[in-house]
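Visitor: Structure file run.tsv, TSV, C-alpha atoms and all ligand atoms, is pasted below:
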chain	number	residue	atom	x	y	z
B	1	MET	CA	-121.31	188.70	38.28
B	2	HIS	CA	-121.37	186.62	41.44
B	3	LYS	CA	-119.49	183.60	40.20
B	4	ASN	CA	-116.39	183.64	42.33
B	5	TYR	CA	-117.95	182.40	45.57
B	6	ARG	CA	-115.90	181.92	48.69
B	7	ILE	CA	-116.81	181.18	52.28
B	8	ALA	CA	-117.40	184.42	54.12
B	9	GLU	CA	-115.24	184.68	57.25
B	10	PRO	CA	-116.56	186.45	60.33
B	11	MET	CA	-115.44	190.07	60.16
B	12	ASP	CA	-112.66	190.99	62.58
B	13	ALA	CA	-113.51	193.49	65.26
B	14	HIS	CA	-112.93	196.90	63.75
B	15	PRO	CA	-109.86	198.62	65.30
B	16	ASP	CA	-111.82	201.89	65.74
B	17	THR	CA	-114.42	200.05	67.81
B	18	LEU	CA	-111.72	198.57	70.05
B	19	THR	CA	-110.20	202.03	70.60
B	20	GLN	CA	-113.66	203.36	71.50
B	21	LEU	CA	-114.17	200.49	73.95
B	22	ALA	CA	-110.81	201.19	75.64
B	23	ARG	CA	-111.46	204.96	75.89
B	24	PRO	CA	-113.42	205.14	79.20
B	25	HIS	CA	-110.85	202.90	80.87
B	26	ARG	CA	-107.93	205.00	79.51
B	27	LYS	CA	-109.65	208.22	80.47
B	28	ALA	CA	-110.11	206.98	84.06
B	29	VAL	CA	-106.40	206.03	84.23
B	30	LEU	CA	-105.36	209.42	82.76
B	31	VAL	CA	-107.51	211.38	85.21
B	32	ALA	CA	-106.12	209.39	88.17
B	33	LEU	CA	-102.56	209.98	86.94
B	34	LEU	CA	-103.16	213.68	86.43
B	35	TRP	CA	-104.37	214.05	90.02
B	36	ILE	CA	-101.34	212.10	91.25
B	37	THR	CA	-99.04	214.29	89.12
B	38	ILE	CA	-100.64	217.50	90.40
B	39	SER	CA	-100.31	216.41	94.06
B	40	GLY	CA	-96.82	214.90	93.52
B	41	GLY	CA	-95.67	218.01	91.63
B	42	ILE	CA	-96.71	220.31	94.48
B	43	LEU	CA	-95.27	218.06	97.22
B	44	PHE	CA	-91.91	217.24	95.59
B	45	GLY	CA	-91.60	220.82	94.33
B	46	PHE	CA	-91.72	222.02	97.97
B	47	LEU	CA	-89.33	219.30	99.18
B	48	ASN	CA	-86.80	220.25	96.50
B	49	ALA	CA	-87.30	223.97	97.10
B	50	MET	CA	-86.55	223.42	100.80
B	51	LYS	CA	-83.29	221.66	99.81
B	52	GLY	CA	-82.50	224.55	97.47
B	53	THR	CA	-82.81	222.42	94.29
B	54	TRP	CA	-84.74	225.17	92.55
B	55	ALA	CA	-84.39	223.84	88.98
B	56	LEU	CA	-85.95	220.50	89.94
B	57	ALA	CA	-88.61	222.22	92.05
B	58	GLY	CA	-89.48	224.40	89.03
B	59	VAL	CA	-89.82	221.35	86.74
B	60	GLU	CA	-92.10	219.65	89.30
B	61	TRP	CA	-94.32	222.67	89.88
B	62	GLY	CA	-94.47	223.24	86.12
B	63	MET	CA	-95.51	219.61	85.58
B	64	GLY	CA	-98.20	219.97	88.28
B	65	LEU	CA	-99.59	223.10	86.63
B	66	TYR	CA	-99.47	221.54	83.15
B	67	SER	CA	-101.34	218.46	84.51
B	68	ALA	CA	-104.06	220.74	85.91
B	69	VAL	CA	-104.57	222.17	82.40
B	70	LEU	CA	-104.63	218.64	80.91
B	71	LEU	CA	-107.16	217.56	83.53
B	72	TYR	CA	-109.49	220.34	82.36
B	73	TYR	CA	-109.28	219.12	78.74
B	74	ALA	CA	-109.28	215.37	79.55
B	75	HIS	CA	-112.86	215.76	80.80
B	76	ARG	CA	-114.00	217.62	77.69
B	77	THR	CA	-112.04	216.25	74.73
B	78	ARG	CA	-113.23	213.95	71.94
B	79	HIS	CA	-109.56	213.28	71.04
B	80	LEU	CA	-108.37	211.55	74.20
B	81	GLU	CA	-105.38	209.91	72.46
B	82	ARG	CA	-103.85	213.33	71.66
B	83	TRP	CA	-104.13	214.46	75.29
B	84	ILE	CA	-102.63	211.17	76.47
B	85	LEU	CA	-99.57	211.85	74.28
B	86	ALA	CA	-99.53	215.45	75.49
B	87	TYR	CA	-99.24	214.05	79.03
B	88	ILE	CA	-96.91	211.11	78.49
B	89	PHE	CA	-94.10	212.85	76.61
B	90	PRO	CA	-93.62	215.85	78.97
B	91	PHE	CA	-94.21	213.63	82.03
B	92	PHE	CA	-91.56	211.10	81.03
B	93	THR	CA	-89.22	213.88	79.84
B	94	ALA	CA	-89.56	215.62	83.22
B	95	MET	CA	-88.79	212.27	84.84
B	96	MET	CA	-85.62	211.96	82.71
B	97	ILE	CA	-84.56	215.49	83.72
B	98	ALA	CA	-85.10	214.52	87.38
B	99	LEU	CA	-83.02	211.32	86.88
B	100	ALA	CA	-80.22	213.33	85.28
B	101	THR	CA	-80.09	215.93	88.08
B	102	PRO	CA	-76.73	215.36	89.83
B	103	THR	CA	-78.12	216.04	93.32
B	104	ALA	CA	-81.01	213.56	92.98
B	105	SER	CA	-80.39	210.30	94.89
B	106	VAL	CA	-80.21	206.90	93.16
B	107	THR	CA	-83.63	205.95	94.65
B	108	ILE	CA	-85.27	208.31	92.16
B	109	PHE	CA	-84.65	205.63	89.50
B	110	GLY	CA	-87.44	203.61	91.17
B	111	TRP	CA	-89.85	205.90	89.24
B	112	VAL	CA	-88.71	204.24	85.99
B	113	LEU	CA	-90.93	201.28	86.95
B	114	LEU	CA	-93.94	203.52	86.34
B	115	ILE	CA	-93.00	203.95	82.65
B	116	PRO	CA	-94.12	200.53	81.29
B	117	LEU	CA	-97.19	200.46	83.54
B	118	VAL	CA	-98.43	203.94	82.61
B	119	SER	CA	-97.56	203.58	78.90
B	120	HIS	CA	-99.44	200.31	78.50
B	121	LEU	CA	-102.49	201.43	80.48
B	122	LEU	CA	-102.76	204.66	78.51
B	123	LEU	CA	-101.65	203.65	75.03
B	124	GLY	CA	-102.34	199.93	74.68
B	125	ARG	CA	-99.96	197.15	73.75
B	126	ARG	CA	-98.16	198.46	70.65
B	127	ALA	CA	-97.59	202.16	71.36
B	128	GLY	CA	-97.27	201.32	75.08
B	129	LEU	CA	-94.40	198.93	74.45
B	130	ALA	CA	-92.64	201.26	71.99
B	131	ILE	CA	-92.75	204.25	74.38
B	132	SER	CA	-91.75	202.09	77.36
B	133	LEU	CA	-88.66	200.78	75.56
B	134	LEU	CA	-87.70	204.27	74.38
B	135	PHE	CA	-87.76	205.86	77.86
B	136	ILE	CA	-86.33	202.82	79.67
B	137	VAL	CA	-83.31	202.94	77.33
B	138	VAL	CA	-82.91	206.69	77.95
B	139	ALA	CA	-83.16	206.09	81.74
B	140	ALA	CA	-80.52	203.32	81.49
B	141	ILE	CA	-78.16	205.66	79.62
B	142	ILE	CA	-78.65	208.38	82.27
B	143	PHE	CA	-78.01	205.80	85.01
B	144	LEU	CA	-74.74	204.67	83.41
B	145	TRP	CA	-73.67	208.26	82.79
B	146	ARG	CA	-74.27	209.21	86.45
B	147	PHE	CA	-73.06	206.10	88.28
B	148	MET	CA	-70.58	204.35	85.97
B	149	ASP	CA	-67.70	205.12	88.35
B	150	ASP	CA	-69.68	204.70	91.58
B	151	THR	CA	-68.73	201.20	92.79
B	152	ALA	CA	-71.28	201.29	95.64
B	153	VAL	CA	-74.16	201.81	93.20
B	154	MET	CA	-72.78	199.66	90.37
B	155	ASP	CA	-72.86	196.53	92.52
B	156	ALA	CA	-73.70	193.57	90.23
B	157	ARG	CA	-76.61	192.33	92.38
B	158	SER	CA	-78.27	195.76	92.72
B	159	VAL	CA	-77.99	196.35	88.98
B	160	ALA	CA	-79.35	192.86	88.21
B	161	ASN	CA	-82.29	193.53	90.59
B	162	MET	CA	-83.15	196.77	88.81
B	163	ILE	CA	-82.93	195.18	85.34
B	164	VAL	CA	-85.03	192.13	86.27
B	165	LEU	CA	-87.66	194.22	88.08
B	166	THR	CA	-88.01	196.63	85.14
B	167	ALA	CA	-88.21	193.69	82.69
B	168	CYS	CA	-90.88	191.99	84.85
B	169	ILE	CA	-93.10	195.09	85.05
B	170	THR	CA	-92.72	195.66	81.28
B	171	VAL	CA	-93.64	192.05	80.45
B	172	PHE	CA	-96.58	191.95	82.91
B	173	SER	CA	-97.97	195.25	81.62
B	174	HIS	CA	-97.67	194.06	78.03
B	175	VAL	CA	-99.24	190.65	78.70
B	176	TYR	CA	-102.08	192.33	80.61
B	177	GLU	CA	-102.82	194.66	77.69
B	178	VAL	CA	-102.64	191.85	75.11
B	179	SER	CA	-105.08	189.67	77.06
B	180	ARG	CA	-107.40	192.62	77.81
B	181	GLU	CA	-107.55	193.49	74.12
B	182	ARG	CA	-108.17	189.83	73.22
B	183	SER	CA	-111.03	189.53	75.74
B	184	GLU	CA	-112.59	192.76	74.46
B	185	THR	CA	-112.36	191.50	70.86
B	186	GLN	CA	-114.06	188.26	71.90
B	187	LEU	CA	-116.79	190.04	73.85
B	188	LEU	CA	-117.36	192.43	70.97
B	189	HIS	CA	-117.62	189.51	68.56
B	190	MET	CA	-120.10	187.72	70.84
B	191	ALA	CA	-122.19	190.87	71.24
B	192	GLN	CA	-122.44	191.21	67.46
B	193	THR	CA	-123.00	187.57	66.53
B	194	ASP	CA	-126.17	185.52	66.41
B	195	PHE	CA	-125.69	182.67	68.88
B	196	LEU	CA	-127.50	179.97	66.85
B	197	THR	CA	-126.16	180.52	63.34
B	198	GLY	CA	-122.89	182.33	64.05
B	199	LEU	CA	-123.93	185.02	61.54
B	200	PRO	CA	-123.62	188.74	62.32
B	201	ASN	CA	-126.63	190.12	64.18
B	202	ARG	CA	-128.47	193.41	63.58
B	203	SER	CA	-125.86	195.45	65.42
B	204	ARG	CA	-123.00	194.24	63.17
B	205	ILE	CA	-125.17	194.53	60.06
B	206	LYS	CA	-125.74	198.18	60.99
B	207	MET	CA	-122.03	198.86	61.53
B	208	PHE	CA	-121.14	197.15	58.26
B	209	PHE	CA	-123.84	199.08	56.40
B	210	GLU	CA	-122.62	202.45	57.73
B	211	ARG	CA	-119.04	201.70	56.68
B	212	GLU	CA	-119.97	200.38	53.24
B	213	LYS	CA	-122.48	203.17	52.65
B	214	SER	CA	-119.74	205.79	53.18
B	215	ARG	CA	-117.50	203.90	50.76
B	216	ALA	CA	-120.31	203.51	48.20
B	217	VAL	CA	-121.14	207.24	48.34
B	218	ARG	CA	-117.45	208.23	48.15
B	219	GLU	CA	-116.71	205.96	45.18
B	220	GLY	CA	-120.09	206.35	43.46
B	221	GLN	CA	-120.75	202.60	43.68
B	222	PRO	CA	-124.15	200.93	44.16
B	223	LEU	CA	-125.09	198.92	47.27
B	224	SER	CA	-128.06	196.61	47.68
B	225	LEU	CA	-129.89	194.91	50.51
B	226	LEU	CA	-131.74	191.58	50.39
B	227	VAL	CA	-134.38	190.96	53.05
B	228	ILE	CA	-134.89	187.19	53.13
B	229	ASP	CA	-137.52	185.22	55.02
B	230	LEU	CA	-137.87	181.43	55.13
B	231	ASP	CA	-141.36	180.37	54.05
B	232	HIS	CA	-143.83	178.59	56.31
B	233	PHE	CA	-141.19	178.17	58.97
B	234	LYS	CA	-143.79	177.65	61.66
B	235	GLN	CA	-144.79	174.45	59.83
B	236	VAL	CA	-141.17	173.25	59.90
B	237	ASN	CA	-141.18	173.63	63.67
B	238	ASP	CA	-144.64	172.16	64.05
B	239	HIS	CA	-144.03	169.11	61.82
B	240	HIS	CA	-140.38	168.34	62.51
B	241	GLY	CA	-139.76	169.88	65.92
B	242	HIS	CA	-137.91	172.97	67.12
B	243	GLU	CA	-134.53	171.26	66.90
B	244	ALA	CA	-135.13	170.53	63.20
B	245	GLY	CA	-136.07	174.22	62.79
B	246	ASP	CA	-132.79	175.23	64.41
B	247	ARG	CA	-130.85	172.92	62.11
B	248	ALA	CA	-132.64	174.36	59.09
B	249	LEU	CA	-131.62	177.88	60.17
B	250	ILE	CA	-127.99	176.75	60.60
B	251	PHE	CA	-128.12	175.04	57.18
B	252	PHE	CA	-129.36	178.24	55.55
B	253	ALA	CA	-126.70	180.32	57.32
B	254	ASP	CA	-124.03	177.98	55.90
B	255	LEU	CA	-125.57	178.28	52.46
B	256	LEU	CA	-125.29	182.07	52.70
B	257	ARG	CA	-121.64	181.80	53.80
B	258	ARG	CA	-120.82	179.50	50.88
B	259	ARG	CA	-122.67	181.51	48.25
B	260	LEU	CA	-121.69	185.09	49.02
B	261	ARG	CA	-118.48	186.95	48.27
B	262	THR	CA	-116.20	187.71	51.20
B	263	THR	CA	-116.85	191.40	50.63
B	264	ASP	CA	-120.62	190.98	51.22
B	265	LEU	CA	-122.26	190.49	54.59
B	266	ALA	CA	-125.07	188.13	55.50
B	267	GLY	CA	-126.65	188.44	58.94
B	268	ARG	CA	-129.67	187.25	60.90
B	269	LEU	CA	-132.21	190.01	61.46
B	270	GLY	CA	-134.17	187.84	63.87
B	271	GLY	CA	-136.31	184.68	63.85
B	272	GLU	CA	-136.28	183.22	60.35
B	273	GLU	CA	-135.45	186.58	58.71
B	274	PHE	CA	-132.02	187.34	57.24
B	275	GLY	CA	-130.41	190.42	55.69
B	276	VAL	CA	-127.69	190.43	53.04
B	277	ILE	CA	-125.70	193.54	52.11
B	278	LEU	CA	-124.20	193.30	48.64
B	279	VAL	CA	-121.44	195.86	48.06
B	280	ASN	CA	-120.75	197.34	44.60
B	281	THR	CA	-123.99	195.70	43.48
B	282	ALA	CA	-127.03	197.31	41.86
B	283	THR	CA	-130.57	195.95	41.81
B	284	VAL	CA	-130.31	193.76	38.70
B	285	THR	CA	-127.30	191.78	39.95
B	286	ALA	CA	-128.67	191.76	43.50
B	287	SER	CA	-131.89	190.19	42.22
B	288	GLN	CA	-129.85	187.55	40.38
B	289	VAL	CA	-127.95	186.74	43.57
B	290	ALA	CA	-131.27	186.50	45.43
B	291	GLU	CA	-132.62	184.21	42.71
B	292	GLU	CA	-129.55	181.96	42.96
B	293	LEU	CA	-130.02	181.74	46.74
B	294	ARG	CA	-133.71	180.94	46.24
B	295	GLN	CA	-132.92	178.12	43.81
B	296	ALA	CA	-130.09	176.77	45.95
B	297	LEU	CA	-132.38	176.46	48.98
B	298	ALA	CA	-135.36	175.12	47.05
B	299	THR	CA	-133.23	172.31	45.55
B	300	ALA	CA	-131.21	171.53	48.70
B	301	ASN	CA	-131.71	168.20	50.45
B	302	ILE	CA	-132.18	168.89	54.13
B	303	GLU	CA	-132.97	165.97	56.39
B	304	HIS	CA	-133.73	165.59	60.06
B	305	SER	CA	-134.12	162.15	61.66
B	306	GLY	CA	-134.39	160.61	58.20
B	307	GLU	CA	-137.21	162.95	57.13
B	308	ALA	CA	-136.78	165.53	54.35
B	309	ILE	CA	-137.45	169.15	55.36
B	310	PRO	CA	-138.68	171.15	52.39
B	311	LEU	CA	-137.46	174.75	52.59
B	312	SER	CA	-138.02	177.80	50.44
B	313	LEU	CA	-137.49	181.51	50.83
B	314	SER	CA	-138.93	184.84	49.77
B	315	VAL	CA	-136.82	187.93	49.14
B	316	GLY	CA	-137.39	191.68	48.94
B	317	VAL	CA	-134.59	193.61	47.18
B	318	ALA	CA	-133.77	197.27	47.91
B	319	GLU	CA	-131.01	199.55	46.66
B	320	LEU	CA	-129.22	202.44	48.37
B	321	GLY	CA	-130.15	205.77	46.81
B	322	VAL	CA	-133.06	204.23	44.88
B	323	ASP	CA	-135.10	203.12	47.89
B	324	GLY	CA	-133.66	205.32	50.63
B	325	GLU	CA	-130.50	206.53	52.30
B	326	THR	CA	-130.49	204.70	55.64
B	327	LEU	CA	-130.50	201.06	56.66
B	328	GLN	CA	-133.89	201.65	58.25
B	329	ASP	CA	-135.25	202.92	54.89
B	330	LEU	CA	-133.85	199.95	52.99
B	331	LEU	CA	-135.11	197.45	55.58
B	332	ALA	CA	-138.60	198.99	55.43
B	333	VAL	CA	-138.70	198.91	51.62
B	334	GLY	CA	-137.09	195.43	51.46
B	335	ASP	CA	-139.66	194.21	54.01
B	336	SER	CA	-142.59	195.57	52.02
B	337	ARG	CA	-141.28	193.79	48.87
B	338	LEU	CA	-140.79	190.65	50.93
B	339	TYR	CA	-144.43	190.96	51.97
B	340	GLN	CA	-145.40	191.21	48.26
B	341	ALA	CA	-143.39	188.03	47.58
B	342	LYS	CA	-145.32	186.26	50.35
B	343	GLU	CA	-148.61	187.59	48.96
B	344	GLN	CA	-147.74	186.38	45.48
B	345	GLY	CA	-147.33	182.79	46.73
B	346	ARG	CA	-143.84	182.76	48.41
B	347	ASN	CA	-140.65	181.12	47.05
B	348	ARG	CA	-139.87	184.18	44.92
B	349	VAL	CA	-137.79	187.36	44.62
B	350	VAL	CA	-139.36	190.83	44.36
B	351	PRO	CA	-136.93	193.45	42.96
B	352	PRO	CA	-137.59	197.20	42.93
B	353	PRO	CA	-140.05	198.19	40.19
B	354	VAL	CA	-138.37	199.37	36.98
B	355	THR	CA	-139.96	202.83	37.40
B	356	SER	CA	-138.18	203.59	40.71
B	357	ARG	CA	-134.84	202.50	39.26
B	358	ALA	CA	-135.38	204.64	36.16
B	359	ALA	CA	-136.32	207.64	38.32
B	360	ALA	CA	-133.18	207.19	40.42
B	361	SER	CA	-130.89	206.85	37.40
B	362	SER	CA	-132.41	209.91	35.66
B	363	GLN	CA	-131.88	211.88	38.91
B	364	SER	CA	-128.24	210.84	39.08
B	365	ASP	CA	-127.81	211.76	35.38
B	366	ARG	CA	-128.93	215.33	36.10
H	401	LIG	N1	-136.54	176.51	65.48
H	401	LIG	C1	-136.57	177.85	65.53
H	401	LIG	N2	-137.67	178.51	65.15
H	401	LIG	C2	-137.69	179.83	65.20
H	401	LIG	C3	-136.57	180.58	65.62
H	401	LIG	N3	-136.89	181.89	65.54
H	401	LIG	C4	-138.15	181.97	65.08
H	401	LIG	N4	-138.64	180.72	64.87
H	401	LIG	C5	-139.98	180.34	64.42
H	401	LIG	O1	-140.23	180.82	63.12
H	401	LIG	C6	-141.66	180.82	62.96
H	401	LIG	C7	-142.08	182.00	62.17
H	401	LIG	O2	-143.42	181.87	61.91
H	401	LIG	P1	-144.27	182.95	61.18
H	401	LIG	O3	-143.80	184.33	61.53
H	401	LIG	O4	-145.72	182.62	61.42
H	401	LIG	O5	-143.91	182.79	59.67
H	401	LIG	P2	-143.90	181.51	58.73
H	401	LIG	O6	-144.51	180.31	59.33
H	401	LIG	O7	-142.47	181.36	58.26
H	401	LIG	O8	-144.78	182.00	57.56
H	401	LIG	P3	-144.45	183.01	56.40
H	401	LIG	O9	-143.31	183.87	56.87
H	401	LIG	O10	-145.67	183.80	56.20
H	401	LIG	O11	-144.06	182.20	55.21
H	401	LIG	C8	-142.26	180.77	64.36
H	401	LIG	O12	-142.88	179.53	64.57
H	401	LIG	C9	-141.07	180.93	65.28
H	401	LIG	O13	-141.21	180.17	66.46
H	401	LIG	C10	-135.41	179.86	66.03
H	401	LIG	O14	-134.40	180.40	66.43
H	401	LIG	N5	-135.45	178.49	65.97
Spell out the structure here as structure tokens.
Ligand SMILES: Nc1nc2c(ncn2[C@@H]2O[C@H](COP(=O)(O)OP(=O)(O)OP(=O)(O)O)[C@@H](O)[C@H]2O)c(=O)[nH]1
Guide:
Amino acid sequence: MHKNYRIAEPMDAHPDTLTQLARPHRKAVLVALLWITISGGILFGFLNAMKGTWALAGVEWGMGLYSAVLLYYAHRTRHLERWILAYIFPFFTAMMIALATPTASVTIFGWVLLIPLVSHLLLGRRAGLAISLLFIVVAAIIFLWRFMDDTAVMDARSVANMIVLTACITVFSHVYEVSRERSETQLLHMAQTDFLTGLPNRSRIKMFFEREKSRAVREGQPLSLLVIDLDHFKQVNDHHGHEAGDRALIFFADLLRRRLRTTDLAGRLGGEEFGVILVNTATVTASQVAEELRQALATANIEHSGEAIPLSLSVGVAELGVDGETLQDLLAVGDSRLYQAKEQGRNRVVPPPVTSRAAASSQSDR
């Protein structure tokens, strides 16, 4: 039963959502890079062919052709991350082959600076950093192998310049990605949070419901929804002022946070209406939780400017599978039971009728 209450923390932005948010930006970067690689491949392929460096010219033309194929799929795929990897590994490998070509001049190592930039823009902070470090180390080994005995190239100041420049670009790219991801997490949180109470709004309730519904169906666990409405809230505003009404809403939001398990989710549906999703919870327990919330609010001492604000709530309870399969279904059924609670005099909980529960359990027994 719901005895082990803890304060519910705001849910972290879901990693999948962050990846989805980053996708258009990564796709734009990939498409731009593919066009650059196609043009660069053709141009440098010809330059190398004219110098007779046919192997290098072949690699560059091959990379240009491969990029054209990737460009076709980049516009159509639903698995952008796979195509990004399919670009990055051959692209960086071709770059390493170019660096290792004995006839290529030392200036070709300037291309190494692209590695941290491209990796971070396309893969984000973690994978971007890992791939950057991998290829920068390989490039450094190739550099040492080719120029170890070349005193003109191995001048201490030139080498220090290259190391510091590469380190700077790697650090800047990484810091940029970290702060971009942080800002997106914050924006996402703001877009899914009710400004007044700090509770999740409808959009986050919906996301949470979809995730928990899949889990409930997979594991054969129940899931319930409480639709809660504060009673006679207009009178609170009219008698005590709008600010007192706001404080009452914040008080109730805190009560929900204190009373629910961290695995449950309480959100504001709008106005003075709230929704609570109770995971692994069937109607009977959900109704008990609703009853405990009702009692807690009815006996709470809420004051504004020295005046007591009496508050009570009405609740409609609905269960997944018993009352419907979608959040919309459960909200509609919960709302109609909430309406019954109001009709019956408010300050009460209306659970699903025993008959609908019995019908649902006999169906699941079949
Ligand atoms: N202070 C404040 N009031 C709000 C907010 N959102 C909605 N309200 C008020 O909540 C009241 C809701 O009133 P009604 O829909 O008539 O419902 P009620 O007075 O609670 O009556 P019943 O629901 O039938 O018990 C309105 O006066 C709204 O202005 C808010 O963010 N802050």
Visitor: Show me which residues line ligand LIG 401 (chain H), defined as having an atom within 9 Å of a ligand atom where only C-alpha atoms and all ligand atoms count, and present them as a CSV table (one decimal) with C-alpha atoms, in the frame of the given file.
Guide:
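Saved to part10.csv:
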chain,number,residue,atom,x,y,z
B,196,LEU,CA,-127.5,180.0,66.8
B,197,THR,CA,-126.2,180.5,63.3
B,229,ASP,CA,-137.5,185.2,55.0
B,230,LEU,CA,-137.9,181.4,55.1
B,231,ASP,CA,-141.4,180.4,54.0
B,232,HIS,CA,-143.8,178.6,56.3
B,233,PHE,CA,-141.2,178.2,59.0
B,234,LYS,CA,-143.8,177.6,61.7
B,235,GLN,CA,-144.8,174.4,59.8
B,236,VAL,CA,-141.2,173.2,59.9
B,237,ASN,CA,-141.2,173.6,63.7
B,238,ASP,CA,-144.6,172.2,64.0
B,241,GLY,CA,-139.8,169.9,65.9
B,242,HIS,CA,-137.9,173.0,67.1
B,243,GLU,CA,-134.5,171.3,66.9
B,244,ALA,CA,-135.1,170.5,63.2
B,245,GLY,CA,-136.1,174.2,62.8
B,246,ASP,CA,-132.8,175.2,64.4
B,247,ARG,CA,-130.8,172.9,62.1
B,248,ALA,CA,-132.6,174.4,59.1
B,249,LEU,CA,-131.6,177.9,60.2
B,270,GLY,CA,-134.2,187.8,63.9
B,271,GLY,CA,-136.3,184.7,63.8
B,272,GLU,CA,-136.3,183.2,60.4
B,273,GLU,CA,-135.4,186.6,58.7
B,312,SER,CA,-138.0,177.8,50.4
B,313,LEU,CA,-137.5,181.5,50.8
B,314,SER,CA,-138.9,184.8,49.8
B,339,TYR,CA,-144.4,191.0,52.0
B,342,LYS,CA,-145.3,186.3,50.4
B,343,GLU,CA,-148.6,187.6,49.0
B,346,ARG,CA,-143.8,182.8,48.4
B,347,ASN,CA,-140.6,181.1,47.0
Visitor: Record the distance separating atom CA of B:Cys168 and atom CA of B:Phe109, expressed in Å with one decimal.
Guide: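 So the answer is 15.7 Å.
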Visitor: Of the residues B:Arg23, B:His174, B:Arg261, B:Arg180, which is the one nearest to B:Leu129, using only C-alpha atoms?
Guide: B:His174
Visitor: Between B:Gln288, B:Phe172, B:Leu80, B:Phe89, which residue has the minimum interatomic distance to B:Ala28, considering all atoms listed in the file?
Guide: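 The closest residue to B:Ala28 is B:Leu80.
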Visitor: Neighbourhood query: residues within 9 Å of (-134.0, 191.8, 40.9), file coordinates, counting only C-alpha atoms; return as a VMD selection string.
Guide: chain B and resid 282 to 291 316 to 318 349 to 353
Visitor: Identify, on the basis of all atoms listed in the file, every residue whose closest approach to B:Lys51 does not exceed 12 Å; exclude the query and any residue fewer than 6 positions from it along the same chain; express the result as an NGL selection string.
Guide: :B and (44-45 or 57 or 103-104)
Visitor: Given only C-alpha atoms as the basis, pick out the residue of B:Gly124, B:Gly110, B:Gly64, B:Gly58 nearest to B:Met162.
Guide: B:Gly110
Visitor: Kindly indicate which residue among B:Ala300, B:Ala94, B:Ala341, B:Ala32 lies nearest to B:Trp61, using all atoms listed in the file for the distances.
Guide: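 That would be B:Ala94, the residue with the smallest distance to B:Trp61.
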Visitor: Taking all listed atoms of stretch 99-113 of chain B, build the axis-aligned box, pad each of the six sides by 6 Å, then write its centre and edge lengths in Å to one decimal as AutoDock Vina command-line options.
Guide:
--center_x -83.8 --center_y 208.7 --center_z 90.1 --size_x 26.2 --size_y 26.8 --size_z 21.6
Visitor: Between atom CA of B:Arg257 and atom CA of B:Ile302, what is the spacing in Å?
Guide: 16.7 Å
Visitor: Which one of B:Ile169, B:Ala266, B:Ala86, B:Ile142 sits closest to B:Pro102 if you count all atoms listed in the file?
Guide: B:Ile142
Visitor: Scan for residues within 9 Å of the point (-127.2, 193.9, 54.9) in the coordinates of the file, using all atoms listed in the file, and reply as a VMD selection string.
Guide: chain B and resid 202 205 to 206 208 to 209 224 to 227 264 to 267 274 to 278 327 331
Visitor: Would you mind telling me which residue in B:Ala139, B:Leu133, B:Val333, B:Leu121 lies nearest to B:Met95 when using only C-alpha atoms?
Guide: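 Counting only C-alpha atoms, the residue closest to B:Met95 is B:Ala139.
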Visitor: Could you work out how far atom CA of B:Glu307 lies from atom CA of B:Leu199, giving the answer in Å with one decimal?
Guide: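 A separation of 26.1 Å between them.
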Visitor: If we count only C-alpha atoms and set the cut-off at 12 Å, which residues sit around B:Leu144, ignoring sequence neighbours fewer than 4 positions away in its own chain? Please answer as a list in words.
Guide: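 The neighbour list is Leu99, Ala100, Val106, Phe109, Val137, Val138, Ala139, Ala140, Met148, Asp149, Asp150, Thr151, Val153, Met154 and Val159 of chain B.
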Visitor: Hey, what's within 12 Å of B:Ala22 if we count all atoms listed in the file and toss same-chain stuff fewer than 2 positions away? As a PyMOL selection string, please?
Guide: chain B and resi 15-20+24-29+80-81+120-125+177+180-185+188
Visitor: When you look at B:Ala68 with a cut-off of 8 Å (counting all atoms listed in the file), what residues show up, excluding the ones that are within fewer than 3 positions of it in the same chain? I need them as JSON, numbers by chain.
Guide: {"B": [34, 35, 38, 64, 65, 71, 72]}
